[in-house]
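Reviewing the structure listed below.
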Amino acid sequence: MLRWTLGLALMTLCATGCAELGVEPFQGSWIALSLNWPLFVPPQMAGQTPQPSLLSPGEHLDMWAILPPDGRPVRLTVNKYTDPGKFPGFNVVPALDPNDPCLIDANGNHLLGIVAQSGPDKELQQQAVVQKVREVVAKTTTIGAAAGVAGKAPVPLLGLVQDGGLKPDDILNLAKLSVQGDAQAIQDRLAFCPSFLSSHFDYYQGNPLQLTAPLHGTLFGFFNFNTIGPEFQTADPATFLPPQNFGGIAITTRMSLHGMTALLLTRETAQNPALPGTVVVKGGALPPAASGRGAIRFGLQATIPVGMGMTQTVTVGTASVLTDLDQGID
């Protein structure tokens, strides 16, 4: 009886169009990177940790594949963009900005403030959330919603995100907002943030409770970051950091990258440029024995300043590209 009922149901579905039961084919590639962010601002004083040099307003990153037969560079786009010209590119940002004024709950309270916390002991809950945030925020960053507490990490955890395309006016309007808990600040945030977020689909907001699930925008993964070693697990609570290891970036594209020979990560100011701009990272293909069937592996290198006007080319990571995902393995 059950088999007859299921068969009748399938016949009914086919009568209205069996295409509804089909699976959309996918032809494309998957790119996995383990990468150190290579751009840093030299320290001003001896003993200081160099801080990451992030992109300027109006800049974004693009990724390029060098493909046969003519070695032409092809700008890569993520798979949800069927029109490559509309893909805004990538950006590098702190995985969590504790001073983002639009990091608020439905009532306009900043998520790192006391009022936004749940539970019977809001002060204790705030301390727990802020402490978690401090573990991935640089020492140079003051957390404004938590009475001037600063981060504890030597450098911030960085994420590769989809570029939000912020204009100078957007940045200025965000900067006018306060993260404080007074009534005027709450009112200002409620008047600005909901409409701003709804009209800026790609604006990135990290999640203080779960870094891998951003509150807004698209996160492709993290640049390599760790606090493993005796220099982090000190007896002093002011400097203690638990063992942490973040890393791994994954990008899916509809493009077939079969035979790809090189990978470029570039800084760009033009939307959908025809040719690569300033190269930040370059990846050369490793021997087939280092890759495996259906994959291409790349060693990633960057040229960094080492002082006295001199530079050095160093390895900053690896990338693996799985190609022809619509094909079976013979």
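Lettering and numbering for the structure tokens are positional, with chains as A, B, ... in the shown order, residues counted from 1 in each chain, and ligands counted from 1 in the shown order.
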So that I can see what lies close to Ile228 of chain A, please list as a ChimeraX atom specification the residues with an atom at most 12 Å from it, counting only C-alpha atoms and leaving out residues fewer than 3 positions away in the same chain.
/A:153,225,231-234,240-246
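Counting only C-alpha atoms and comparing A:Leu177, A:Gly221, A:Leu33, A:Lys167, the residue that lies closest to His200 of chain A is A:Lys167.
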Would you list the contacts of Leu160 of chain A as a ChimeraX atom specification, taking every protein, DNA or RNA residue within 7 Å and counting only C-alpha atoms, but skipping same-chain residues closer than 4 positions in sequence?
/A:90-93,219-222
According to DSSP computed on the backbone, where in segment 69-311 of chain A is there strand (DSSP E or B)? Give the residues as a ChimeraX atom specification.
/A:72-75,90-94,104,110,138,142-143,149-150,153,158-162,205,216,219-226,245-253,262-268,278-285,295-307,310-311
File dump, residues just selected, C-alpha atoms, as a PDB file, in the first residue's frame:
ATOM      1  CA  ARG A  72      45.830  34.933 -19.479  1.00  0.00           C
ATOM      2  CA  PRO A  73      44.723  36.116 -15.997  1.00  0.00           C
ATOM      3  CA  VAL A  74      41.055  35.506 -15.208  1.00  0.00           C
ATOM      4  CA  ARG A  75      39.385  37.363 -12.316  1.00  0.00           C
ATOM      5  CA  PHE A  90      37.236  40.751  -1.234  1.00  0.00           C
ATOM      6  CA  ASN A  91      38.418  42.708   1.779  1.00  0.00           C
ATOM      7  CA  VAL A  92      40.523  41.968   4.853  1.00  0.00           C
ATOM      8  CA  VAL A  93      39.122  43.135   8.190  1.00  0.00           C
ATOM      9  CA  PRO A  94      39.416  42.242  11.866  1.00  0.00           C
ATOM     10  CA  ILE A 104      23.393  46.195  18.575  1.00  0.00           C
ATOM     11  CA  HIS A 110      25.493  47.594  22.085  1.00  0.00           C
ATOM     12  CA  ALA A 138      44.773  43.487  19.390  1.00  0.00           C
ATOM     13  CA  THR A 142      40.215  49.820  23.277  1.00  0.00           C
ATOM     14  CA  ILE A 143      36.752  48.278  23.761  1.00  0.00           C
ATOM     15  CA  VAL A 149      39.065  47.608  28.468  1.00  0.00           C
ATOM     16  CA  ALA A 150      41.562  46.768  25.696  1.00  0.00           C
ATOM     17  CA  ALA A 153      46.117  39.561  21.402  1.00  0.00           C
ATOM     18  CA  LEU A 158      41.778  38.807  10.467  1.00  0.00           C
ATOM     19  CA  GLY A 159      39.067  37.517   8.155  1.00  0.00           C
ATOM     20  CA  LEU A 160      38.705  37.472   4.387  1.00  0.00           C
ATOM     21  CA  VAL A 161      35.238  38.879   3.710  1.00  0.00           C
ATOM     22  CA  GLN A 162      33.190  40.090   0.792  1.00  0.00           C
ATOM     23  CA  GLN A 205      29.809  42.359  11.232  1.00  0.00           C
ATOM     24  CA  HIS A 216      26.080  40.389   8.741  1.00  0.00           C
ATOM     25  CA  LEU A 219      32.997  35.518   5.726  1.00  0.00           C
ATOM     26  CA  PHE A 220      35.213  33.245   3.604  1.00  0.00           C
ATOM     27  CA  GLY A 221      37.553  32.315   6.446  1.00  0.00           C
ATOM     28  CA  PHE A 222      40.441  33.469   8.613  1.00  0.00           C
ATOM     29  CA  PHE A 223      44.075  34.274   7.998  1.00  0.00           C
ATOM     30  CA  ASN A 224      46.421  32.176  10.120  1.00  0.00           C
ATOM     31  CA  PHE A 225      46.372  33.214  13.784  1.00  0.00           C
ATOM     32  CA  ASN A 226      47.500  31.413  16.908  1.00  0.00           C
ATOM     33  CA  ASN A 245      44.476  28.323  16.382  1.00  0.00           C
ATOM     34  CA  PHE A 246      42.447  29.931  13.594  1.00  0.00           C
ATOM     35  CA  GLY A 247      43.039  29.582   9.865  1.00  0.00           C
ATOM     36  CA  GLY A 248      41.554  28.386   6.620  1.00  0.00           C
ATOM     37  CA  ILE A 249      39.826  30.220   3.781  1.00  0.00           C
ATOM     38  CA  ALA A 250      37.450  28.505   1.339  1.00  0.00           C
ATOM     39  CA  ILE A 251      36.057  29.952  -1.899  1.00  0.00           C
ATOM     40  CA  THR A 252      33.773  28.253  -4.418  1.00  0.00           C
ATOM     41  CA  THR A 253      33.593  29.537  -7.977  1.00  0.00           C
ATOM     42  CA  ALA A 262      49.303  30.409 -11.012  1.00  0.00           C
ATOM     43  CA  LEU A 263      47.161  32.218  -8.448  1.00  0.00           C
ATOM     44  CA  LEU A 264      47.327  35.962  -7.734  1.00  0.00           C
ATOM     45  CA  LEU A 265      45.869  38.064  -4.919  1.00  0.00           C
ATOM     46  CA  THR A 266      45.893  41.752  -5.862  1.00  0.00           C
ATOM     47  CA  ARG A 267      44.953  45.167  -4.485  1.00  0.00           C
ATOM     48  CA  GLU A 268      42.474  47.013  -6.684  1.00  0.00           C
ATOM     49  CA  THR A 278      49.268  45.446  -7.371  1.00  0.00           C
ATOM     50  CA  VAL A 279      50.161  41.838  -6.507  1.00  0.00           C
ATOM     51  CA  VAL A 280      49.988  41.073  -2.784  1.00  0.00           C
ATOM     52  CA  VAL A 281      50.413  37.296  -2.938  1.00  0.00           C
ATOM     53  CA  LYS A 282      51.531  35.097  -5.818  1.00  0.00           C
ATOM     54  CA  GLY A 283      51.108  31.339  -5.970  1.00  0.00           C
ATOM     55  CA  GLY A 284      53.070  29.030  -8.248  1.00  0.00           C
ATOM     56  CA  ALA A 285      51.902  25.492  -8.976  1.00  0.00           C
ATOM     57  CA  ALA A 295      43.669  18.959  -7.524  1.00  0.00           C
ATOM     58  CA  ILE A 296      46.359  21.591  -8.036  1.00  0.00           C
ATOM     59  CA  ARG A 297      48.481  22.771  -5.110  1.00  0.00           C
ATOM     60  CA  PHE A 298      50.211  26.142  -4.941  1.00  0.00           C
ATOM     61  CA  GLY A 299      52.949  27.607  -2.788  1.00  0.00           C
ATOM     62  CA  LEU A 300      52.019  31.198  -1.891  1.00  0.00           C
ATOM     63  CA  GLN A 301      54.680  33.887  -1.647  1.00  0.00           C
ATOM     64  CA  ALA A 302      54.778  37.597  -0.851  1.00  0.00           C
ATOM     65  CA  THR A 303      57.440  40.292  -0.959  1.00  0.00           C
ATOM     66  CA  ILE A 304      57.716  42.077   2.393  1.00  0.00           C
ATOM     67  CA  PRO A 305      59.918  44.934   3.671  1.00  0.00           C
ATOM     68  CA  VAL A 306      62.745  43.912   6.006  1.00  0.00           C
ATOM     69  CA  GLY A 307      64.167  47.376   6.771  1.00  0.00           C
ATOM     70  CA  MET A 310      65.172  46.248   1.438  1.00  0.00           C
ATOM     71  CA  THR A 311      62.575  43.562   0.731  1.00  0.00           C
TER      72      THR A 311
END
Tell me, as a list in words, which residues lie within 12 Å of segment 122-127 of chain A, counting only C-alpha atoms; anything in the same chain fewer than 2 positions away does not count.
His110, Leu111, Leu112, Gly113, Ile114, Val115, Ala116, Gln117, Ser118, Gly119, Pro120, Val129, Val130, Gln131, Lys132, Val133, Arg134, Ile143, Ala145, Ala146, Ala147, Val149, Pro208 and Leu209 of chain A
Just the selected residues (C-alpha atoms), exported as a short mmCIF file (atom, residue, chain, number, x, y, z; two decimals), in the first residue's frame, please.
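Okay, selection_4.cif is ready:
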data_model
loop_
_atom_site.label_atom_id
_atom_site.label_comp_id
_atom_site.auth_asym_id
_atom_site.auth_seq_id
_atom_site.Cartn_x
_atom_site.Cartn_y
_atom_site.Cartn_z
CA HIS A 110 25.49 47.59 22.08
CA LEU A 111 26.13 43.85 22.31
CA LEU A 112 29.19 44.32 24.52
CA GLY A 113 27.38 46.60 26.99
CA ILE A 114 25.78 45.48 30.24
CA VAL A 115 22.16 46.14 29.25
CA ALA A 116 22.34 43.83 26.21
CA GLN A 117 23.32 40.82 28.32
CA SER A 118 20.87 38.09 29.32
CA GLY A 119 20.61 36.22 32.59
CA PRO A 120 20.30 37.27 36.22
CA VAL A 129 31.60 38.12 26.58
CA VAL A 130 34.19 40.90 26.69
CA GLN A 131 36.88 38.48 27.86
CA LYS A 132 36.17 36.25 24.86
CA VAL A 133 36.41 39.24 22.53
CA ARG A 134 39.73 40.34 24.05
CA ILE A 143 36.75 48.28 23.76
CA ALA A 145 31.45 49.62 25.44
CA ALA A 146 33.32 47.98 28.32
CA ALA A 147 34.72 50.90 30.30
CA VAL A 149 39.07 47.61 28.47
CA PRO A 208 31.17 38.10 19.53
CA LEU A 209 29.45 34.83 20.52
#
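For the choices A:Leu190, A:Val78, A:Leu61, A:Val155, the atom-to-atom distance to Thr49 of chain A is smallest for A:Val155 when using only C-alpha atoms.
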Would you mind listing what lies within 10 Å of Leu166 of chain A as a PyMOL selection string, with only C-alpha atoms counted and same-chain residues fewer than 6 positions away left out?
chain A and resi 57-59+200+202-203
Could you turn the residues from that selection into a file that holds N, CA, C and O atoms, as a compact mmCIF listing (two decimals), in the first residue's frame?
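Below is the file that was written, part-v4.txt:
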# COMPACT_ATOMS: atom_id res chain seq x y z
N PRO A 57 40.27 52.87 2.33
CA PRO A 57 38.91 53.02 1.79
C PRO A 57 38.94 53.12 0.27
O PRO A 57 39.77 53.83 -0.31
N GLY A 58 38.04 52.42 -0.38
CA GLY A 58 38.01 52.40 -1.84
C GLY A 58 38.83 51.30 -2.46
O GLY A 58 38.73 51.05 -3.67
N GLU A 59 39.65 50.61 -1.65
CA GLU A 59 40.43 49.47 -2.15
C GLU A 59 39.71 48.17 -1.84
O GLU A 59 38.95 48.08 -0.89
N HIS A 200 23.04 47.82 2.98
CA HIS A 200 24.44 47.45 2.75
C HIS A 200 24.57 45.96 3.03
O HIS A 200 25.07 45.54 4.08
N ASP A 202 26.48 43.64 2.01
CA ASP A 202 27.80 43.05 2.17
C ASP A 202 28.61 43.65 3.32
O ASP A 202 29.78 43.30 3.49
N TYR A 203 28.01 44.56 4.08
CA TYR A 203 28.73 45.12 5.23
C TYR A 203 28.98 44.02 6.25
O TYR A 203 28.07 43.30 6.65
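Restricting the calculation to only C-alpha atoms, the smallest distance between Leu157 of chain A and any of A:Gly309, A:Asp62, A:Glu135, A:Met255 is found for A:Glu135.
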DSSP on the backbone: what in segment 33-206 of chain A comes out helix (DSSP H, G or I), as a VMD selection string?
chain A and resid 84 to 86 122 to 134 144 to 146 168 to 175 183 to 199
Would you save the residues from that selection as a PDB file, in the first residue's frame, using C-alpha atoms?
ATOM      1  CA  PRO A  84      31.308  38.293 -12.756  1.00  0.00           C
ATOM      2  CA  GLY A  85      31.099  42.035 -13.331  1.00  0.00           C
ATOM      3  CA  LYS A  86      28.880  42.459 -10.282  1.00  0.00           C
ATOM      4  CA  LYS A 122      24.350  40.952  33.622  1.00  0.00           C
ATOM      5  CA  GLU A 123      27.680  42.286  34.869  1.00  0.00           C
ATOM      6  CA  LEU A 124      29.188  38.792  35.063  1.00  0.00           C
ATOM      7  CA  GLN A 125      27.778  37.938  31.651  1.00  0.00           C
ATOM      8  CA  GLN A 126      29.287  41.081  30.164  1.00  0.00           C
ATOM      9  CA  GLN A 127      32.680  40.226  31.635  1.00  0.00           C
ATOM     10  CA  ALA A 128      32.521  36.778  30.040  1.00  0.00           C
ATOM     11  CA  VAL A 129      31.601  38.124  26.577  1.00  0.00           C
ATOM     12  CA  VAL A 130      34.189  40.896  26.686  1.00  0.00           C
ATOM     13  CA  GLN A 131      36.880  38.481  27.864  1.00  0.00           C
ATOM     14  CA  LYS A 132      36.168  36.246  24.862  1.00  0.00           C
ATOM     15  CA  VAL A 133      36.410  39.235  22.533  1.00  0.00           C
ATOM     16  CA  ARG A 134      39.725  40.344  24.045  1.00  0.00           C
ATOM     17  CA  GLY A 144      34.600  51.363  24.199  1.00  0.00           C
ATOM     18  CA  ALA A 145      31.445  49.617  25.436  1.00  0.00           C
ATOM     19  CA  ALA A 146      33.319  47.985  28.318  1.00  0.00           C
ATOM     20  CA  PRO A 168      33.271  57.966   2.436  1.00  0.00           C
ATOM     21  CA  ASP A 169      29.855  59.167   3.630  1.00  0.00           C
ATOM     22  CA  ASP A 170      29.081  55.696   5.011  1.00  0.00           C
ATOM     23  CA  ILE A 171      32.317  55.674   6.998  1.00  0.00           C
ATOM     24  CA  LEU A 172      31.697  59.208   8.265  1.00  0.00           C
ATOM     25  CA  ASN A 173      28.138  58.407   9.380  1.00  0.00           C
ATOM     26  CA  LEU A 174      29.293  55.286  11.239  1.00  0.00           C
ATOM     27  CA  ALA A 175      32.046  57.258  12.951  1.00  0.00           C
ATOM     28  CA  ALA A 183      19.763  57.155  25.915  1.00  0.00           C
ATOM     29  CA  GLN A 184      20.927  59.517  23.168  1.00  0.00           C
ATOM     30  CA  ALA A 185      23.471  57.008  21.810  1.00  0.00           C
ATOM     31  CA  ILE A 186      20.823  54.270  21.776  1.00  0.00           C
ATOM     32  CA  GLN A 187      18.365  56.529  19.953  1.00  0.00           C
ATOM     33  CA  ASP A 188      21.009  57.513  17.372  1.00  0.00           C
ATOM     34  CA  ARG A 189      21.879  53.886  16.670  1.00  0.00           C
ATOM     35  CA  LEU A 190      18.237  52.868  16.298  1.00  0.00           C
ATOM     36  CA  ALA A 191      17.659  55.740  13.876  1.00  0.00           C
ATOM     37  CA  PHE A 192      20.615  54.804  11.664  1.00  0.00           C
ATOM     38  CA  CYS A 193      21.679  51.156  11.915  1.00  0.00           C
ATOM     39  CA  PRO A 194      18.610  49.139  10.771  1.00  0.00           C
ATOM     40  CA  SER A 195      18.273  50.999   7.470  1.00  0.00           C
ATOM     41  CA  PHE A 196      22.048  51.092   6.988  1.00  0.00           C
ATOM     42  CA  LEU A 197      22.400  47.331   7.405  1.00  0.00           C
ATOM     43  CA  SER A 198      19.422  46.552   5.171  1.00  0.00           C
ATOM     44  CA  SER A 199      20.838  48.710   2.368  1.00  0.00           C
TER      45      SER A 199
END
Which value, in Å to one decimal, gives the distance between atom CA of Asp97 of chain A and atom CA of Lys152 of chain A?
13.8 Å
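Counting from atom CA of Ala32 of chain A, the distance to atom CA of Ala319 of chain A is 5.6 Å.
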